[in-house]
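Dropping final-v2.cif in here (mmCIF, C-alpha atoms and all ligand atoms):
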```cif
data_entry
loop_
_atom_site.label_atom_id
_atom_site.label_comp_id
_atom_site.auth_asym_id
_atom_site.auth_seq_id
_atom_site.Cartn_x
_atom_site.Cartn_y
_atom_site.Cartn_z
CA MET A 512 -104.22 77.54 69.49
CA VAL A 513 -100.79 78.91 70.18
CA HIS A 514 -99.99 82.55 69.84
CA LEU A 515 -96.68 83.74 68.64
CA SER A 516 -94.60 86.26 70.50
CA PRO A 517 -94.75 89.94 69.54
CA SER A 518 -91.49 89.55 67.69
CA THR A 519 -93.09 87.09 65.42
CA ARG A 520 -95.64 87.90 62.80
CA SER A 521 -99.20 87.19 63.70
CA PHE A 522 -100.13 83.97 62.01
CA PRO A 523 -102.65 81.24 62.59
CA VAL A 524 -100.95 78.36 64.33
CA CYS A 525 -102.40 74.96 64.99
CA SER A 526 -100.42 72.99 67.49
CA THR A 527 -100.81 69.27 68.01
CA PHE A 528 -98.84 68.32 71.05
CA HIS A 529 -100.76 65.14 71.59
CA ALA A 530 -101.41 61.88 69.91
CA ALA A 531 -103.87 63.16 67.35
CA ALA A 532 -103.01 64.60 64.03
CA VAL A 533 -104.53 67.82 62.84
CA ASP A 534 -107.00 68.09 60.08
CA THR A 535 -105.72 70.84 57.91
CA MET A 536 -108.83 71.59 56.01
CA SER A 537 -110.50 74.79 56.96
CA THR A 538 -110.95 76.09 53.49
CA SER A 539 -114.19 75.73 51.63
CA ALA A 540 -115.25 72.17 51.20
CA THR A 541 -117.87 73.06 48.68
CA ALA A 542 -117.83 70.65 45.84
CA ALA A 543 -119.76 71.84 42.85
CA ALA A 544 -121.39 69.40 40.53
CA ALA A 545 -118.95 67.55 38.37
CA SER A 546 -117.81 69.78 35.59
CA SER A 547 -118.32 68.92 32.00
CA THR A 548 -114.66 69.49 31.27
CA SER A 549 -113.56 66.99 28.75
CA LEU A 550 -110.26 65.39 29.64
CA SER A 551 -108.66 63.63 26.80
CA SER A 552 -105.87 61.39 27.90
CA SER A 553 -105.14 60.41 24.35
CA ALA A 554 -104.79 64.04 23.36
CA THR A 555 -102.56 64.57 26.33
CA ARG A 556 -100.33 61.71 25.34
CA ARG A 557 -99.56 63.40 22.03
CA TYR A 558 -97.86 66.30 23.72
CA CYS A 559 -96.40 65.12 26.98
CA ARG A 560 -94.11 62.38 27.96
CA SER A 561 -95.71 60.04 30.37
CA SER A 562 -94.23 56.95 31.81
CA SER A 563 -95.44 53.68 33.14
CA PRO A 564 -94.57 52.92 36.70
CA ALA A 565 -92.62 49.84 37.48
CA SER A 566 -95.67 48.21 38.96
CA ARG A 567 -99.32 48.93 39.40
CA VAL A 568 -101.90 47.91 41.89
CA PRO A 569 -105.19 46.83 40.35
CA VAL A 570 -107.46 49.70 39.46
CA THR A 571 -110.00 50.00 42.19
CA LEU A 572 -113.53 51.20 41.78
CA ARG A 573 -113.94 54.60 43.19
CA ARG A 574 -116.33 55.35 45.99
CA SER A 575 -116.87 58.59 47.78
CA LEU A 576 -114.33 59.33 50.44
CA PRO A 577 -115.60 58.02 53.75
CA SER A 578 -117.17 60.82 55.72
CA ARG A 579 -114.51 60.39 58.38
CA LEU A 580 -111.99 61.65 55.84
CA VAL A 581 -113.92 64.83 55.36
CA SER A 582 -113.30 67.29 58.13
CA SER A 583 -116.02 68.85 60.11
CA PRO A 584 -115.82 70.65 63.40
CA SER A 585 -117.91 67.98 65.07
CA SER A 586 -115.73 65.12 63.91
CA ARG A 587 -113.56 63.62 66.64
CA SER A 588 -111.94 60.61 65.12
CA PRO A 589 -108.28 59.97 65.94
CA VAL A 590 -107.44 62.25 63.02
CA ALA A 591 -110.14 64.77 63.78
CA PRO A 592 -109.57 68.45 63.38
CA VAL A 593 -108.38 70.09 66.54
CA CYS A 594 -108.16 73.56 65.15
CA ALA A 595 -109.21 75.71 62.29
CA THR A 596 -107.55 78.55 60.52
CA ALA A 597 -107.87 81.76 62.43
CA SER A 598 -107.84 85.22 60.99
CA PRO A 599 -104.46 86.79 61.36
CA GLY A 600 -104.12 89.10 64.27
CA GLY A 601 -103.37 92.03 62.08
CA GLY A 602 -101.12 93.62 59.57
CA GLY A 603 -100.48 90.60 57.43
CA GLY A 604 -102.89 91.26 54.61
CA MET A 605 -104.61 88.70 52.48
CA ALA A 606 -101.53 86.59 51.81
CA GLU A 607 -101.13 86.07 55.56
CA ALA A 608 -104.75 85.05 55.86
CA ARG A 609 -104.00 82.31 53.38
CA LYS A 610 -101.44 80.51 55.52
CA LYS A 611 -101.61 77.90 58.23
CA LEU A 612 -98.93 76.35 60.39
CA LEU A 613 -99.47 72.81 61.59
CA ILE A 614 -97.07 71.23 64.07
CA PHE A 615 -97.00 67.51 64.72
CA ASP A 616 -95.56 65.50 67.54
CA ALA A 617 -94.43 62.75 65.23
CA GLU A 618 -93.81 62.23 61.54
CA GLU A 619 -96.44 59.52 61.59
CA TYR A 620 -99.16 62.05 62.43
CA LEU A 621 -97.84 64.48 59.86
CA ALA A 622 -98.03 61.76 57.20
CA GLU A 623 -101.58 60.89 58.22
CA SER A 624 -102.68 64.51 58.04
CA LEU A 625 -100.93 65.06 54.73
CA ALA A 626 -102.71 62.05 53.25
CA LYS A 627 -106.06 63.28 54.50
CA TYR A 628 -105.42 66.80 53.19
CA THR A 629 -104.37 65.55 49.78
CA ALA A 630 -107.25 63.08 49.52
CA ARG A 631 -109.75 65.74 50.37
CA LEU A 632 -108.37 68.22 47.84
CA SER A 633 -108.40 65.45 45.27
CA GLU A 634 -112.05 64.76 45.97
CA GLU A 635 -112.99 68.43 45.79
CA SER A 636 -111.12 69.06 42.55
CA ALA A 637 -112.47 65.93 40.91
CA ALA A 638 -116.00 67.01 41.81
CA GLU A 639 -115.53 70.60 40.71
CA ARG A 640 -113.49 70.16 37.54
CA GLY A 641 -113.27 66.48 36.75
CA ALA A 642 -109.51 66.47 37.34
CA PHE A 643 -106.96 66.87 40.11
CA THR A 644 -103.65 68.44 39.11
CA VAL A 645 -100.90 67.93 41.65
CA ALA A 646 -97.26 68.94 41.31
CA LEU A 647 -94.58 67.25 43.44
CA SER A 648 -91.15 68.30 44.61
CA GLY A 649 -88.41 65.95 45.65
CA GLY A 650 -86.85 65.31 49.03
CA SER A 651 -88.40 63.94 52.18
CA LEU A 652 -91.86 65.02 51.06
CA ILE A 653 -92.28 61.82 49.08
CA LYS A 654 -91.86 59.57 52.09
CA ALA A 655 -94.40 61.70 53.91
CA LEU A 656 -96.94 60.88 51.17
CA ARG A 657 -96.72 57.14 51.78
CA LYS A 658 -100.03 56.83 53.62
CA LEU A 659 -101.93 57.83 50.50
CA ALA A 660 -100.96 54.45 49.11
CA GLU A 661 -102.50 52.68 52.10
CA PRO A 662 -106.10 52.06 53.19
CA PRO A 663 -108.43 53.87 53.39
CA TYR A 664 -106.99 56.33 50.88
CA LEU A 665 -105.85 53.72 48.39
CA GLU A 666 -109.43 52.57 47.84
CA ALA A 667 -111.25 55.84 48.46
CA VAL A 668 -109.33 58.26 46.26
CA ASP A 669 -110.38 58.52 42.63
CA TRP A 670 -106.92 58.04 41.18
CA SER A 671 -108.25 58.21 37.63
CA LYS A 672 -108.69 61.96 38.09
CA TRP A 673 -105.09 62.57 39.13
CA HIS A 674 -102.63 64.35 36.85
CA VAL A 675 -99.14 64.38 38.35
CA PHE A 676 -96.40 66.89 37.56
CA TRP A 677 -93.11 67.96 39.04
CA VAL A 678 -92.66 71.41 40.53
CA ASP A 679 -88.98 70.80 40.04
CA GLU A 680 -86.90 68.03 38.61
CA ARG A 681 -83.23 67.22 38.39
CA VAL A 682 -82.05 66.94 34.77
CA VAL A 683 -80.87 63.35 34.96
CA PRO A 684 -82.19 60.14 33.42
CA LYS A 685 -85.47 59.00 34.94
CA ASP A 686 -83.85 55.89 36.38
CA HIS A 687 -81.02 57.87 38.00
CA ALA A 688 -80.77 57.85 41.79
CA ASP A 689 -81.11 61.67 41.78
CA SER A 690 -84.31 61.73 39.73
CA ASN A 691 -87.34 63.17 41.48
CA TYR A 692 -89.48 61.14 39.10
CA ARG A 693 -87.81 57.96 40.28
CA LEU A 694 -88.11 59.00 43.91
CA ALA A 695 -91.83 59.67 43.56
CA MET A 696 -92.41 56.57 41.49
CA ASP A 697 -90.61 54.27 43.91
CA GLY A 698 -92.07 55.82 47.03
CA PHE A 699 -95.62 56.61 45.99
CA LEU A 700 -96.78 56.64 42.38
CA SER A 701 -96.07 52.99 41.59
CA LYS A 702 -98.35 52.02 44.47
CA VAL A 703 -101.49 53.85 43.34
CA PRO A 704 -103.50 53.36 40.14
CA ILE A 705 -102.99 56.71 38.42
CA PRO A 706 -103.17 56.21 34.64
CA ALA A 707 -99.63 56.21 33.28
CA SER A 708 -100.63 58.78 30.64
CA GLN A 709 -101.41 61.23 33.44
CA ILE A 710 -97.96 61.20 34.98
CA TYR A 711 -95.96 63.92 33.27
CA ALA A 712 -92.22 63.39 33.55
CA ILE A 713 -89.72 65.74 31.98
CA ASN A 714 -88.02 64.76 28.73
CA ASP A 715 -84.73 63.53 30.14
CA ALA A 716 -83.14 63.35 26.70
CA LEU A 717 -82.99 67.16 26.49
CA SER A 718 -80.69 69.76 27.97
CA ALA A 719 -81.88 71.65 31.03
CA ALA A 720 -83.02 74.56 28.85
CA GLY A 721 -84.71 72.20 26.40
CA ALA A 722 -86.41 70.21 29.14
CA ALA A 723 -87.79 73.38 30.73
CA ASP A 724 -89.17 74.63 27.39
CA ASP A 725 -90.58 71.21 26.61
CA TYR A 726 -92.29 70.99 30.00
CA GLU A 727 -93.79 74.46 29.60
CA THR A 728 -95.11 73.46 26.16
CA CYS A 729 -96.61 70.36 27.75
CA LEU A 730 -98.34 72.45 30.40
CA LYS A 731 -99.69 74.88 27.79
CA GLN A 732 -101.29 72.05 25.89
CA LEU A 733 -102.85 70.67 29.05
CA VAL A 734 -104.29 74.12 29.78
CA LYS A 735 -105.81 74.11 26.28
CA ASP A 736 -107.18 70.62 26.90
CA GLY A 737 -108.84 71.82 30.08
CA VAL A 738 -106.80 69.55 32.34
CA ILE A 739 -104.94 72.38 34.07
CA ALA A 740 -106.96 75.40 35.16
CA MET A 741 -105.80 78.98 34.67
CA SER A 742 -105.81 81.63 37.34
CA GLN A 743 -108.00 84.50 36.29
CA ILE A 744 -106.07 86.67 38.71
CA THR A 745 -102.47 85.96 37.74
CA GLY A 746 -102.80 84.63 34.20
CA PHE A 747 -100.66 81.63 35.14
CA PRO A 748 -101.74 78.01 35.50
CA LYS A 749 -103.55 77.23 38.70
CA PHE A 750 -102.62 73.78 39.97
CA ASP A 751 -105.04 72.24 42.40
CA LEU A 752 -102.16 71.35 44.70
CA MET A 753 -98.41 71.78 44.86
CA LEU A 754 -96.51 69.75 47.44
CA LEU A 755 -93.22 71.34 48.39
CA GLY A 756 -90.34 70.77 50.75
CA MET A 757 -87.96 73.42 52.03
CA GLY A 758 -84.18 73.24 52.30
CA PRO A 759 -82.22 74.47 55.34
CA ASP A 760 -81.33 77.56 53.26
CA GLY A 761 -85.01 78.35 52.71
CA HIS A 762 -85.18 77.15 49.11
CA VAL A 763 -88.34 75.70 47.71
CA ALA A 764 -88.64 73.77 44.46
CA SER A 765 -85.32 74.60 42.74
CA LEU A 766 -85.63 78.29 43.61
CA PHE A 767 -82.52 78.98 45.65
CA PRO A 768 -81.64 82.06 47.71
CA GLY A 769 -79.82 84.71 45.73
CA HIS A 770 -80.29 83.00 42.38
CA PRO A 771 -81.66 85.26 39.62
CA ILE A 772 -84.26 82.63 38.78
CA VAL A 773 -86.27 83.68 41.84
CA ASN A 774 -87.08 86.93 40.00
CA GLU A 775 -88.41 85.28 36.85
CA LYS A 776 -91.74 86.88 36.02
CA GLN A 777 -92.67 85.60 32.56
CA LYS A 778 -91.75 81.96 32.17
CA TRP A 779 -93.82 79.16 33.62
CA VAL A 780 -90.89 76.74 33.81
CA SER A 781 -87.23 77.69 33.94
CA TYR A 782 -83.93 75.97 34.57
CA ILE A 783 -80.68 76.29 36.45
CA LYS A 784 -77.30 74.75 35.83
CA ASP A 785 -75.67 75.83 39.07
CA SER A 786 -77.86 74.49 41.83
CA PRO A 787 -76.10 74.71 45.21
CA LYS A 788 -77.83 71.46 46.10
CA PRO A 789 -76.64 68.64 43.85
CA PRO A 790 -77.25 67.76 41.14
CA PRO A 791 -76.55 71.14 39.51
CA GLU A 792 -78.92 70.99 36.54
CA ARG A 793 -82.61 71.29 37.28
CA ILE A 794 -85.84 72.60 35.89
CA THR A 795 -88.30 74.36 38.14
CA PHE A 796 -91.65 76.08 38.19
CA THR A 797 -91.15 79.81 38.60
CA PHE A 798 -92.62 81.88 41.42
CA PRO A 799 -95.55 83.17 39.33
CA MET A 800 -96.49 79.52 38.82
CA VAL A 801 -95.99 78.53 42.44
CA ASN A 802 -97.97 81.51 43.67
CA SER A 803 -100.90 80.81 41.36
CA SER A 804 -101.56 77.43 42.94
CA ALA A 805 -104.91 76.80 44.59
CA HIS A 806 -103.22 75.02 47.50
CA ILE A 807 -99.67 74.41 48.64
CA GLY A 808 -98.70 71.82 51.21
CA LEU A 809 -95.23 72.68 52.50
CA VAL A 810 -93.62 69.81 54.40
CA VAL A 811 -90.80 70.97 56.66
CA THR A 812 -89.33 68.77 59.37
CA GLY A 813 -86.17 68.57 61.41
CA ALA A 814 -84.00 70.94 63.41
CA GLY A 815 -81.94 71.76 60.36
CA LYS A 816 -84.84 73.80 59.03
CA ALA A 817 -85.47 75.74 62.25
CA GLY A 818 -83.50 78.83 61.23
CA ALA A 819 -85.31 79.25 57.94
CA VAL A 820 -88.67 78.59 59.62
CA HIS A 821 -87.86 81.25 62.20
CA LYS A 822 -87.02 83.77 59.51
CA ALA A 823 -90.14 82.90 57.57
CA PHE A 824 -92.30 83.62 60.61
CA SER A 825 -90.50 86.75 61.73
CA ASP A 826 -91.49 90.31 60.98
CA LYS A 827 -90.11 91.33 57.68
CA GLN A 828 -88.35 94.67 57.77
CA SER A 829 -87.40 94.60 54.14
CA SER A 830 -88.23 92.62 51.10
CA SER A 831 -84.64 92.63 49.84
CA ASP A 832 -83.42 89.58 51.73
CA LEU A 833 -86.40 87.31 51.49
CA LEU A 834 -85.74 83.61 51.48
CA PRO A 835 -87.46 81.79 48.65
CA VAL A 836 -89.84 80.22 51.14
CA GLU A 837 -90.88 83.73 52.16
CA MET A 838 -91.67 84.51 48.53
CA VAL A 839 -94.36 81.84 48.50
CA SER A 840 -97.41 84.04 48.60
CA LEU A 841 -100.56 82.60 47.17
CA GLN A 842 -102.77 85.00 45.30
CA GLU A 843 -105.97 83.09 45.81
CA GLY A 844 -105.03 79.86 47.52
CA MET A 845 -104.06 78.42 50.90
CA LEU A 846 -100.54 77.62 52.05
CA THR A 847 -100.39 74.94 54.73
CA TRP A 848 -97.14 74.24 56.56
CA PHE A 849 -96.79 70.66 57.81
CA THR A 850 -94.04 70.80 60.43
CA ASP A 851 -92.68 69.00 63.45
CA LYS A 852 -91.46 70.40 66.75
CA PRO A 853 -87.74 70.48 65.87
CA ALA A 854 -88.52 72.53 62.76
CA VAL A 855 -90.39 75.17 64.79
CA SER A 856 -88.04 75.05 67.78
CA MET A 857 -86.81 78.61 67.19
CA LEU A 858 -90.29 80.08 67.25
CA SER A 859 -90.29 81.48 70.75
CA SER A 860 -93.92 80.90 71.69
CA ILE A 861 -94.27 77.38 70.35
O1 LIG B 1 -85.41 68.18 44.22
C1 LIG B 1 -85.22 68.84 45.20
O2 LIG B 1 -84.10 68.97 45.70
C2 LIG B 1 -86.39 69.45 45.87
O3 LIG B 1 -87.48 69.66 45.14
C3 LIG B 1 -86.13 70.45 46.93
O4 LIG B 1 -86.78 71.67 46.83
C4 LIG B 1 -86.52 69.75 48.22
O5 LIG B 1 -87.90 69.66 48.30
C5 LIG B 1 -85.98 70.48 49.42
O6 LIG B 1 -84.58 70.56 49.31
C6 LIG B 1 -86.33 69.79 50.71
O7 LIG B 1 -85.78 68.53 50.73
P1 LIG B 1 -85.82 67.68 52.08
O8 LIG B 1 -87.24 67.64 52.53
O9 LIG B 1 -85.31 66.32 51.69
O10 LIG B 1 -84.94 68.38 53.05
#
```
Starting from the coordinates I provided, produce the structure as structure tokens.
Amino acid sequence: MVHLSPSTRSFPVCSTFHAAAVDTMSTSATAAAASSTSLSSSATRRYCRSSSPASRVPVTLRRSLPSRLVSSPSSRSPVAPVCATASPGGGGGMAEARKKLLIFDAEEYLAESLAKYTARLSEESAAERGAFTVALSGGSLIKALRKLAEPPYLEAVDWSKWHVFWVDERVVPKDHADSNYRLAMDGFLSKVPIPASQIYAINDALSAAGAADDYETCLKQLVKDGVIAMSQITGFPKFDLMLLGMGPDGHVASLFPGHPIVNEKQKWVSYIKDSPKPPPERITFTFPMVNSSAHIGLVVTGAGKAGAVHKAFSDKQSSSDLLPVEMVSLQEGMLTWFTDKPAVSMLSSI
């Protein structure tokens, strides 16, 4: 455990300056009996655009995740947990208690831990609700997910329970080089047997405004169908997992610093036409959506992100200049930062 300097907010930090990756799971592993929620893929298909991946691996029979994939304090496999979330040292409130910072020596270990984290959340959600709803961003995150498409996760995960969404998407054709759908499909989704009807791409024939409305309508139907849960606390959909990246300017999803969209309070999905990061037209989940998620995995690597990471972990004197990443504040979930040493290099006590 590494403690941050007094100038830095108290925050649980798990440091992994050795050859083992960290198990990120310190939240409840309780898996209730499988819910009786009825998930109708055919009903879903009526309302949402889903797409077939370019290729599929054969559907594998699901087995329980091997016990070595499920963290326990006594486990000491090469990917065993080396730390658990600590209570914040003080002053941070509940939102602070719902955050963890993991630091990896190498991207390889980060990818292994991210796969384990995602597989475990998938298993828990499938057991509790009969579905696993996961929303992806674009960027380097997708490459970091690659190990999910490899043994043992490829065989062990119950891919039939997965429902895949995009936290944000560029408004371009799905086969465009800038498409987050294409990025995820090429790098991850085409390699795992998720039913095509459970991969929810945006309607790329619409304008940005139309695509955002259409995606929100899609999500509303999936809430009605019982696929997506609702947060009783916020009144917004509660995804089982959102996987985010962060830009050097502190943006997350397509929620950029200083853009009015960061203050959206009503809509589930909104759009921008002036993104500072190309391409300019995007749709994005709004902050009420992001902050209603049950879990967020935030993958942040590289020295270019160090400034924003430093700000995110510094004492906040005012709420007027918050970076978007600082506005990620889960109401009832757990935010886990997956970082490397260059990304945290400006944190003085790391
Ligand atoms: O489509 C997008 O542009 C993303 O959703 C965006 O929010 C991305 O995740 C960050 O910019 C981090 O990207 P990198 O990890 O590639 O730096």
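Once only C-alpha atoms and all ligand atoms are used for the distance check, the residues close to ligand LIG 1 (chain B) at 6 Å turn out to be Ser648, Gly649, Gly650, Ser651, Leu652, Asp679, Glu680, Leu755, Gly756, Met757, Gly758, Val763, Ala764 and Ser765 of chain A.
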Deliver the residues from the most recent selection as a file, using C-alpha atoms, as a compact mmCIF listing (two decimals), in the frame of the given file.
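To be explicit, this is the file written out as out.txt:
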```txt
# COMPACT_ATOMS: atom_id res chain seq x y z
CA SER A 648 -91.15 68.30 44.61
CA GLY A 649 -88.41 65.95 45.65
CA GLY A 650 -86.85 65.31 49.03
CA SER A 651 -88.40 63.94 52.18
CA LEU A 652 -91.86 65.02 51.06
CA ASP A 679 -88.98 70.80 40.04
CA GLU A 680 -86.90 68.03 38.61
CA LEU A 755 -93.22 71.34 48.39
CA GLY A 756 -90.34 70.77 50.75
CA MET A 757 -87.96 73.42 52.03
CA GLY A 758 -84.18 73.24 52.30
CA VAL A 763 -88.34 75.70 47.71
CA ALA A 764 -88.64 73.77 44.46
CA SER A 765 -85.32 74.60 42.74
```
Got a sec: who's within 10 Å of Gln842 in chain A, counting only C-alpha atoms, leaving out chain neighbours fewer than 6 positions off, as an NGL selection string? :A and (605-606 or 609 or 742 or 744-745 or 799 or 801-805)
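Distances to Leu659 in chain A were evaluated for A:Ile705, A:Ala630, A:Ala637, A:Val678 using only C-alpha atoms, and the minimum falls at A:Ala630.
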When you count all atoms listed in the file, which of these residues is closest to Thr629 in chain A: A:Leu752, A:Leu612, A:Ile653, A:Leu809? A:Leu752
Between CA of Asp697 in chain A and CA of Val738 in chain A lies a distance of 25.1 Å
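With CA of Ala642 in chain A on one side and CA of Ala667 in chain A on the other, the separation reads 15.5 Å.
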Using all atoms listed in the file, which residue out of A:Lys610, A:Arg793, A:Lys776, A:Lys822 lies closest to Pro684 in chain A? A:Arg793
For a quick check of understanding, using all atoms listed in the file, which of A:Ala814, A:Ile713, A:Leu834, A:Leu613 has the smallest distance to His770 in chain A? A:Leu834
